[in-house]
Every structure is written in structure tokens, then in C-alpha cells.
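Pasting query_38.cif here (mmCIF, C-alpha atoms):
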data_protein
loop_
_atom_site.label_atom_id
_atom_site.label_comp_id
_atom_site.auth_asym_id
_atom_site.auth_seq_id
_atom_site.Cartn_x
_atom_site.Cartn_y
_atom_site.Cartn_z
CA MET A 29 17.48 -3.56 13.65
CA ALA A 30 14.55 -4.94 11.74
CA VAL A 31 11.64 -5.52 14.05
CA LEU A 32 8.72 -7.27 12.51
CA CYS A 33 5.07 -7.87 13.16
CA ALA A 34 5.95 -11.46 13.91
CA ASN A 35 7.60 -10.25 17.11
CA PHE A 36 4.23 -9.13 18.32
CA ARG A 37 2.17 -11.93 16.81
CA THR A 38 4.18 -14.68 18.40
CA GLU A 39 3.91 -13.40 21.93
CA THR A 40 2.30 -16.02 24.10
CA ILE A 41 0.56 -13.66 26.48
CA GLY A 42 -3.15 -14.42 26.42
CA ALA A 43 -5.35 -11.85 24.77
CA GLY A 44 -7.32 -11.38 27.95
CA LEU A 45 -4.25 -11.08 30.10
CA ILE A 46 -2.60 -8.33 28.17
CA PHE A 47 -4.99 -5.71 29.45
CA SER A 48 -4.60 -6.36 33.10
CA PRO A 49 -2.39 -3.78 34.75
CA GLN A 50 -1.62 -6.28 37.50
CA LEU A 51 0.13 -8.70 35.19
CA SER A 52 3.69 -8.51 34.05
CA VAL A 53 4.64 -7.14 30.66
CA SER A 54 7.54 -8.38 28.63
CA ALA A 55 9.04 -6.88 25.51
CA PRO A 56 8.84 -9.01 22.41
CA ASN A 57 11.85 -11.07 21.48
CA PRO A 58 13.56 -9.04 18.74
CA HIS A 59 15.40 -12.05 17.41
CA ARG A 60 12.38 -14.01 16.27
CA LEU A 61 12.17 -14.45 12.56
CA PRO A 62 9.07 -13.68 10.54
CA SER A 63 7.10 -16.79 9.81
CA THR A 64 5.97 -16.03 6.26
CA VAL A 65 6.62 -19.16 4.27
CA ALA A 66 6.00 -17.26 1.05
CA ARG A 67 9.32 -15.45 1.20
CA GLU A 68 11.28 -18.68 0.91
CA ASP A 69 10.92 -18.93 -2.85
CA GLU A 70 10.45 -15.22 -3.54
CA HIS A 71 14.01 -14.85 -4.86
CA LEU A 72 13.49 -17.75 -7.26
CA LEU A 73 10.37 -16.12 -8.68
CA VAL A 74 12.18 -12.80 -9.01
CA ALA A 75 15.14 -14.44 -10.75
CA ALA A 76 12.78 -16.20 -13.18
CA ALA A 77 10.84 -13.00 -13.82
CA LYS A 78 14.06 -11.15 -14.56
CA LYS A 79 14.82 -13.76 -17.20
CA GLY A 80 11.48 -13.06 -18.84
CA ASP A 81 9.25 -15.62 -17.14
CA LEU A 82 5.97 -13.69 -17.12
CA ALA A 83 4.16 -16.37 -15.15
CA ALA A 84 6.69 -15.92 -12.37
CA PHE A 85 6.02 -12.20 -12.24
CA GLU A 86 2.26 -12.81 -12.25
CA GLU A 87 2.75 -15.19 -9.34
CA LEU A 88 4.52 -12.41 -7.43
CA VAL A 89 1.66 -10.04 -8.24
CA SER A 90 -0.97 -12.54 -7.14
CA ARG A 91 0.95 -13.18 -3.96
CA TYR A 92 1.19 -9.54 -2.94
CA GLU A 93 -1.75 -7.75 -4.58
CA ARG A 94 -3.98 -7.86 -1.49
CA LYS A 95 -1.23 -6.57 0.78
CA ILE A 96 -0.25 -3.84 -1.63
CA PHE A 97 -3.89 -2.79 -1.98
CA ARG A 98 -4.20 -2.65 1.82
CA LEU A 99 -1.06 -0.49 1.90
CA THR A 100 -2.28 1.96 -0.73
CA MET A 101 -5.74 2.10 0.90
CA ASN A 102 -4.17 2.79 4.29
CA ILE A 103 -2.05 5.60 2.89
CA THR A 104 -4.50 7.29 0.53
CA GLY A 105 -7.77 6.54 2.34
CA ASN A 106 -9.39 6.68 -1.10
CA ARG A 107 -10.48 3.63 -3.08
CA GLU A 108 -9.85 5.07 -6.56
CA ASP A 109 -6.40 6.37 -5.65
CA ALA A 110 -5.56 3.11 -3.92
CA GLU A 111 -6.45 1.08 -7.01
CA ASP A 112 -4.43 3.32 -9.30
CA ALA A 113 -1.45 3.41 -6.96
CA MET A 114 -1.47 -0.37 -6.64
CA GLN A 115 -1.66 -0.91 -10.37
CA ASP A 116 1.07 1.59 -11.16
CA ALA A 117 3.28 0.10 -8.46
CA PHE A 118 3.12 -3.34 -10.05
CA LEU A 119 3.63 -1.94 -13.55
CA LYS A 120 6.63 0.12 -12.42
CA SER A 121 8.12 -2.80 -10.53
CA TYR A 122 7.89 -4.85 -13.72
CA SER A 123 9.45 -2.10 -15.83
CA HIS A 124 12.29 -1.59 -13.36
CA LEU A 125 12.81 -5.19 -12.36
CA ASN A 126 16.34 -5.13 -13.76
CA THR A 127 17.26 -2.39 -11.30
CA PHE A 128 16.32 -4.64 -8.38
CA HIS A 129 19.56 -6.23 -7.22
CA GLY A 130 18.27 -8.25 -4.30
CA ASP A 131 19.73 -6.01 -1.59
CA SER A 132 16.39 -6.32 0.21
CA ARG A 133 13.42 -8.60 -0.13
CA PHE A 134 11.47 -8.04 -3.35
CA TYR A 135 8.42 -7.32 -1.22
CA THR A 136 10.25 -4.54 0.63
CA TRP A 137 11.27 -3.01 -2.68
CA LEU A 138 7.69 -3.30 -3.93
CA VAL A 139 6.33 -1.67 -0.77
CA ARG A 140 8.62 1.29 -1.30
CA ILE A 141 7.38 1.75 -4.85
CA ALA A 142 3.74 1.40 -3.79
CA ALA A 143 4.17 3.76 -0.84
CA ASN A 144 5.63 6.35 -3.18
CA GLU A 145 2.77 5.96 -5.65
CA ALA A 146 0.22 6.27 -2.84
CA LEU A 147 1.98 9.26 -1.31
CA MET A 148 2.02 11.09 -4.65
CA ARG A 149 -1.75 10.64 -4.97
CA LEU A 150 -2.37 11.69 -1.39
CA ARG A 151 -0.33 14.86 -1.96
CA LYS A 152 -2.23 15.58 -5.14
CA ARG A 153 -5.56 15.21 -3.39
CA ARG A 154 -4.52 17.18 -0.34
CA PRO A 155 -1.99 19.74 -1.51
CA ASN A 156 -0.33 21.77 1.25
CA GLN A 157 -2.08 19.79 3.92
CA PHE A 158 0.93 17.96 5.17
CA SER A 159 4.63 17.59 4.75
CA LEU A 160 6.71 14.66 5.80
CA ASP A 161 9.57 17.07 6.44
CA GLU A 162 7.77 19.18 9.01
CA PRO A 163 9.25 19.06 12.49
CA ILE A 164 7.03 17.17 14.86
CA ALA A 165 5.31 18.65 17.88
CA GLY A 166 7.00 18.89 21.25
CA ASP A 167 7.01 16.24 23.91
CA GLU A 168 3.99 17.51 25.80
CA ASP A 169 1.59 15.73 23.45
CA LEU A 170 3.18 12.41 24.27
CA ILE A 171 1.57 12.14 27.66
CA PRO A 172 -1.19 9.55 27.33
CA ARG A 173 -4.68 10.55 28.31
CA GLU A 174 -7.81 8.44 28.66
CA LEU A 175 -6.49 5.54 30.63
CA GLN A 176 -9.49 3.24 30.65
CA ASP A 177 -9.26 -0.50 30.94
CA TRP A 178 -10.07 -2.28 27.67
CA GLY A 179 -11.37 -5.32 29.52
CA PRO A 180 -11.25 -8.71 27.84
CA GLY A 181 -9.56 -8.90 24.44
CA PRO A 182 -11.29 -6.80 21.78
CA GLU A 183 -10.97 -9.72 19.36
CA GLN A 184 -13.55 -11.53 21.44
CA ARG A 185 -15.91 -8.57 21.55
CA PHE A 186 -15.90 -7.62 17.88
CA ALA A 187 -16.54 -9.70 14.77
CA GLN A 188 -13.67 -9.79 12.28
CA THR A 189 -15.41 -7.49 9.79
CA GLU A 190 -16.34 -5.02 12.51
CA MET A 191 -12.81 -5.05 13.87
CA ARG A 192 -11.42 -4.42 10.37
CA GLU A 193 -13.73 -1.42 10.00
CA ILE A 194 -12.68 -0.02 13.37
CA LEU A 195 -8.97 -0.37 12.60
CA SER A 196 -9.42 1.12 9.16
CA SER A 197 -11.45 4.09 10.34
CA VAL A 198 -9.08 4.82 13.23
CA ILE A 199 -5.92 4.74 11.11
CA GLU A 200 -7.59 7.04 8.59
CA GLU A 201 -7.97 9.66 11.34
CA LEU A 202 -4.24 9.68 11.94
CA GLU A 203 -2.33 12.54 10.35
CA PRO A 204 -0.53 11.36 7.16
CA GLU A 205 2.94 12.08 8.54
CA TYR A 206 2.29 9.59 11.36
CA ARG A 207 0.15 7.21 9.34
CA MET A 208 2.83 6.67 6.68
CA VAL A 209 5.41 5.68 9.26
CA PHE A 210 3.05 3.38 11.15
CA VAL A 211 1.86 1.67 7.96
CA LEU A 212 5.35 1.01 6.63
CA ARG A 213 6.90 0.09 9.93
CA ASP A 214 4.21 -1.77 11.86
CA ILE A 215 1.90 -3.14 9.17
CA GLU A 216 4.24 -3.71 6.24
CA GLU A 217 7.10 -4.74 8.49
CA LEU A 218 9.79 -2.55 6.98
CA SER A 219 12.79 -1.94 9.19
CA THR A 220 13.27 1.51 10.70
CA GLU A 221 16.09 2.10 8.22
CA ASP A 222 14.02 1.03 5.20
CA THR A 223 11.10 3.16 6.40
CA ALA A 224 13.42 6.15 6.78
CA SER A 225 14.86 5.60 3.34
CA ALA A 226 11.43 5.12 1.72
CA LEU A 227 10.11 8.35 3.22
CA GLY A 228 13.27 10.43 3.01
CA LEU A 229 13.38 10.83 6.77
CA SER A 230 16.13 10.31 9.29
CA VAL A 231 16.05 7.23 11.53
CA PRO A 232 15.42 9.37 14.67
CA ALA A 233 12.51 11.08 12.87
CA VAL A 234 10.97 7.70 12.01
CA LYS A 235 11.35 6.52 15.59
CA SER A 236 9.83 9.68 16.97
CA ARG A 237 6.86 9.58 14.58
CA LEU A 238 6.34 5.90 15.17
CA LEU A 239 6.10 6.42 18.91
CA ARG A 240 3.56 9.20 18.43
CA ALA A 241 1.62 7.16 15.87
CA ARG A 242 1.39 4.20 18.21
CA LEU A 243 0.30 6.36 21.15
CA LYS A 244 -2.25 8.23 19.07
CA LEU A 245 -3.74 5.03 17.71
CA ARG A 246 -3.98 3.56 21.20
CA GLN A 247 -5.82 6.63 22.35
CA LYS A 248 -8.20 6.61 19.39
CA LEU A 249 -8.95 2.92 19.90
CA ASN A 250 -10.00 3.72 23.46
CA ARG A 251 -13.24 5.04 22.01
CA TYR A 252 -14.14 1.54 20.88
CA PHE A 253 -12.42 -0.72 23.34
CA GLN A 254 -12.93 0.91 26.71
CA GLN A 255 -15.32 -0.99 28.93
CA GLY A 256 -18.81 0.30 28.13
CA GLY A 257 -17.45 2.20 25.10
CA ALA A 258 -18.95 2.34 21.62
CA ASN A 259 -19.50 -1.19 20.41
CA MET B 12 12.84 5.53 35.42
CA ASN B 13 9.82 7.80 35.82
CA CYS B 14 6.52 7.81 33.87
CA ASP B 15 7.74 10.32 31.25
CA GLU B 16 10.86 8.30 30.58
CA VAL B 17 8.80 5.12 30.24
CA ILE B 18 6.61 6.73 27.59
CA HIS B 19 9.65 8.03 25.73
CA GLU B 20 11.23 4.59 25.71
CA LEU B 21 7.99 2.73 25.00
CA SER B 22 8.69 2.02 21.34
CA ASN B 23 12.28 0.98 22.02
CA PHE B 24 11.02 -1.32 24.75
CA LEU B 25 8.34 -2.93 22.58
CA ASP B 26 10.77 -3.29 19.68
CA GLY B 27 13.36 -4.94 21.91
CA GLU B 28 15.83 -2.15 21.33
CA LEU B 29 16.52 -1.24 24.94
CA SER B 30 19.61 -2.49 26.72
CA THR B 31 18.96 -5.27 29.22
CA ALA B 32 19.57 -2.89 32.10
CA ALA B 33 17.19 -0.24 30.73
CA ALA B 34 14.52 -2.84 29.97
CA GLU B 35 14.77 -4.16 33.52
CA GLU B 36 14.51 -0.66 34.90
CA LEU B 37 11.43 -0.01 32.78
CA GLU B 38 9.86 -3.31 33.82
CA SER B 39 10.37 -2.57 37.47
CA HIS B 40 8.63 0.78 36.96
CA LEU B 41 5.72 -1.10 35.39
CA ASP B 42 5.52 -3.35 38.44
CA GLU B 43 4.85 -0.24 40.50
CA CYS B 44 2.83 1.90 38.08
CA SER B 45 -0.48 0.50 36.88
CA GLU B 46 -1.10 3.47 34.55
CA CYS B 47 2.14 3.01 32.62
CA LYS B 48 1.49 -0.73 32.49
CA LEU B 49 -1.92 -0.05 30.99
CA VAL B 50 -0.43 2.24 28.32
CA VAL B 51 2.34 -0.22 27.47
CA ASN B 52 -0.08 -3.15 27.26
CA GLN B 53 -2.62 -1.27 25.19
CA THR B 54 0.02 0.12 22.82
CA LYS B 55 1.38 -3.36 22.32
CA LYS B 56 -2.13 -4.64 21.69
CA THR B 57 -2.72 -1.84 19.17
CA ILE B 58 0.31 -2.92 17.13
CA GLU B 59 -0.72 -6.56 17.42
CA LEU B 60 -4.22 -5.87 16.11
CA TYR B 61 -2.90 -4.03 13.06
CA CYS B 62 -0.23 -6.69 12.46
CA ASP B 63 -2.81 -9.44 12.59
CA SER B 64 -5.40 -7.75 10.39
CA GLU B 65 -5.68 -9.80 7.23
CA PRO B 66 -5.91 -7.83 3.99
CA VAL B 67 -9.32 -8.06 2.40
CA GLU B 68 -9.81 -10.01 -0.80
CA LEU B 69 -9.21 -7.83 -3.83
CA PRO B 70 -12.52 -7.02 -5.57
CA THR B 71 -12.78 -9.06 -8.78
CA GLU B 72 -13.04 -6.04 -11.06
CA VAL B 73 -9.96 -4.46 -9.47
CA ARG B 74 -8.00 -7.68 -9.84
CA ASN B 75 -9.09 -8.07 -13.46
CA ARG B 76 -8.11 -4.51 -14.26
CA LEU B 77 -4.69 -5.04 -12.70
CA HIS B 78 -4.00 -8.28 -14.54
CA ASP B 79 -5.28 -6.86 -17.85
CA ALA B 80 -2.89 -3.93 -17.44
CA LEU B 81 -0.05 -6.35 -16.72
CA LYS B 82 -0.82 -8.41 -19.81
CA LYS B 83 -0.82 -5.25 -21.88
CA LYS B 84 2.54 -4.30 -20.40
CA PHE B 85 3.92 -7.77 -21.05
CA SER B 86 2.85 -7.64 -24.68
CA GLU B 87 4.52 -4.23 -25.11
CA THR B 88 7.83 -5.43 -23.76
CA ARG B 89 8.01 -8.81 -25.48
CA PRO B 90 10.56 -8.98 -28.27
#
Show the structure stored in the file as C-alpha cells.
Amino acid sequence: MAVLCANFRTETIGAGLIFSPQLSVSAPNPHRLPSTVAREDEHLLVAAAKKGDLAAFEELVSRYERKIFRLTMNITGNREDAEDAMQDAFLKSYSHLNTFHGDSRFYTWLVRIAANEALMRLRKRRPNQFSLDEPIAGDEDLIPRELQDWGPGPEQRFAQTEMREILSSVIEELEPEYRMVFVLRDIEELSTEDTASALGLSVPAVKSRLLRARLKLRQKLNRYFQQGGAN
Amino acid sequence: MNCDEVIHELSNFLDGELSTAAAEELESHLDECSECKLVVNQTKKTIELYCDSEPVELPTEVRNRLHDALKKKFSETRP
């Protein structure tokens, strides 16, 4: 099942309320559709680009360049690599446009290409430092520690730029094998199946890494968000 | 459902992938366990913050380099 960011974004629980352990928690509605208007005409642009309409392809690039750059930055953690990976992803997507048959959204296909480009550069820069195939640690590291209240919503306590820096620095600390899964699944909104396919992992492996990634990020964010923490 | 089971099912719960019965069981644990509720709420908030983070504007020189490379590619592939 594809579960998207929109499921979380559209929750109506107040930002301040979400932190109170006394209040009820509800799971997001998995049937909500993503609200991105942009995707409505994406297939038309792709069809035009396939017929040689260069302006249509440039429109697709302009539409997604910021998101793809965020993706490659999140994966590589290196500005130069991120720029190169982004550029090569767009060039490759143009070269191979005829192999895109519309089985998924164009953006999903593009994300897979960009993730691969970014991963190749990360591996080159950090050879032997990680493997996506390695078995993950046992269950004992799942137990959450540091259970401090975050108080009122962090969005109210941090300016947008500061919040962006916090999120960026925290995700960079995450081990690549967890970071990749979190980025594709929770930020780029790929389904579990598409994430598994993009990374050459099984669906259970993606689920397991995603759970660990989410828990690890929560714990790392404690440093900034706990009441009286670094801010 | 005990605390360990809640943590193991946390992602499935947040992604809406638990059966109705399992979700209800988990929710009733949360009604009784303030620590698990804190972890569930904070994990959900973590995802929400990353989902909502807007990508930064592409630096002009990076954008120019990208579009120059595209134009070059276009000119190579034109009949």
C-alpha cells in the first residue's frame, strides 16, 4: 500500500496537542490522496516530451529540480555530489525517456534514477563504509530511550531556516542504510514496494529499516526539541 | 499488546497498515501508557516535520549549469 506524506500532513491534530501524552492518538487515514496539483498534468508533459517537445521536458525539470536536489543532498550529504547526481539524473531521464512506460508516476521513476546516482556517489566517497544488503541489528536497539516531552510544537519554537538546518543535520547523522529508506519512503513519498525495488531490498527489509530510521530520528531530534534542550 | 509490541507495530500503525482490531488494541495500550503515547506522537511528528519541509530554492549557478547541460543534450539528440 502506498502511504504518502499527505497522510501525515492532513491530520487535523493541533501541533501543540500532538505532544501531550494525555491526548488520544489516531493513525493517519491511509486512503487519503496526495494533494499535489502538479501531478495532474504530469503525464501530458511526459507524453509531449516523448514526442520531442523539449519545452515540455524543461517544464518537468523546472518542476522537480528543487525536490531532486533535496533528495540528492539528503542521500549524499555533500553539495558537489548532490549537484552532479541531480544533473546526471535529469540527463539520464531524458536519454531514457522512451523506456518510461507510465507504470508509475514520472516523478517516482525520476526519484529512482536520482537515488541511484546519489547512492553511487555516496559509495564512491565512502567505500566499504556501508552496505544496503547488510542484515540489520537485533531488536534490542528498538527500545526508545530519552523520553522527554517536546512541549509546544517545535514549529512555533524554531524559525523555518533554523528548523531546516536541524532536520538536515539530524538526517545526515543517520546511517546511510536507514537514511536511504527514510528519504525515499517518508520524504519522497515512494511506496514501500517502490522503495524496495529502488534499493534492491525486500519489502520486510524496507519496513524494518524504516521503523528504525523513524525511531532513530525521533531520538536524535530530542536533543533539539526537549523542553530546555538546545535551541 | 505490551510496550515492545507497540514499538514493533509503530510504523504499521502510523501508516494505517494495521487491522482494525490490532489498531484498536494498540490505541487502548496508548490510553494506559503515557511513555508509548509519547513515542508514537513524537515519531509521527518527526515524519510530519520532514514531510512538510519545503525544498530550498536551487542556487542560481546550479540551476544554470543544469539547464545548460540539458540544452547541450537536446542539441546532441536533435535530428
Practice prompt. Give me, as a PyMOL selection string, the contact residues of chain B against chain A at a cut-off of 8 Å, counting only C-alpha atoms.
Written response: chain B and resi 15+18-19+21-22+24-28+38+41-42+45-46+48-59+61-64+66-69+73+77+80-81+84-85
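Note that the spacing between CA of Glu87 (chain B) and CA of Thr71 (chain B) amounts to 24.3 Å.
Counting from CA of Asp222 (chain A), the distance to CA of Glu36 (chain B) is 29.8 Å.
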Worksheet item: How many Å lie between CA of Arg151 (chain A) and CA of Ala241 (chain A), rounded to one decimal?
Response: 19.5 Å
Worksheet item: Using only C-alpha atoms, which of the listed residues (A:Ile141, A:Leu88, A:Met148, A:Val209) sits closest to His78 (chain B)?
Response: A:Leu88
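With distances restricted to only C-alpha atoms, A:Ser197 is the closest residue to Asn106 (chain A) from A:Ser197, A:Asn144, A:Asn126, A:Ser225.
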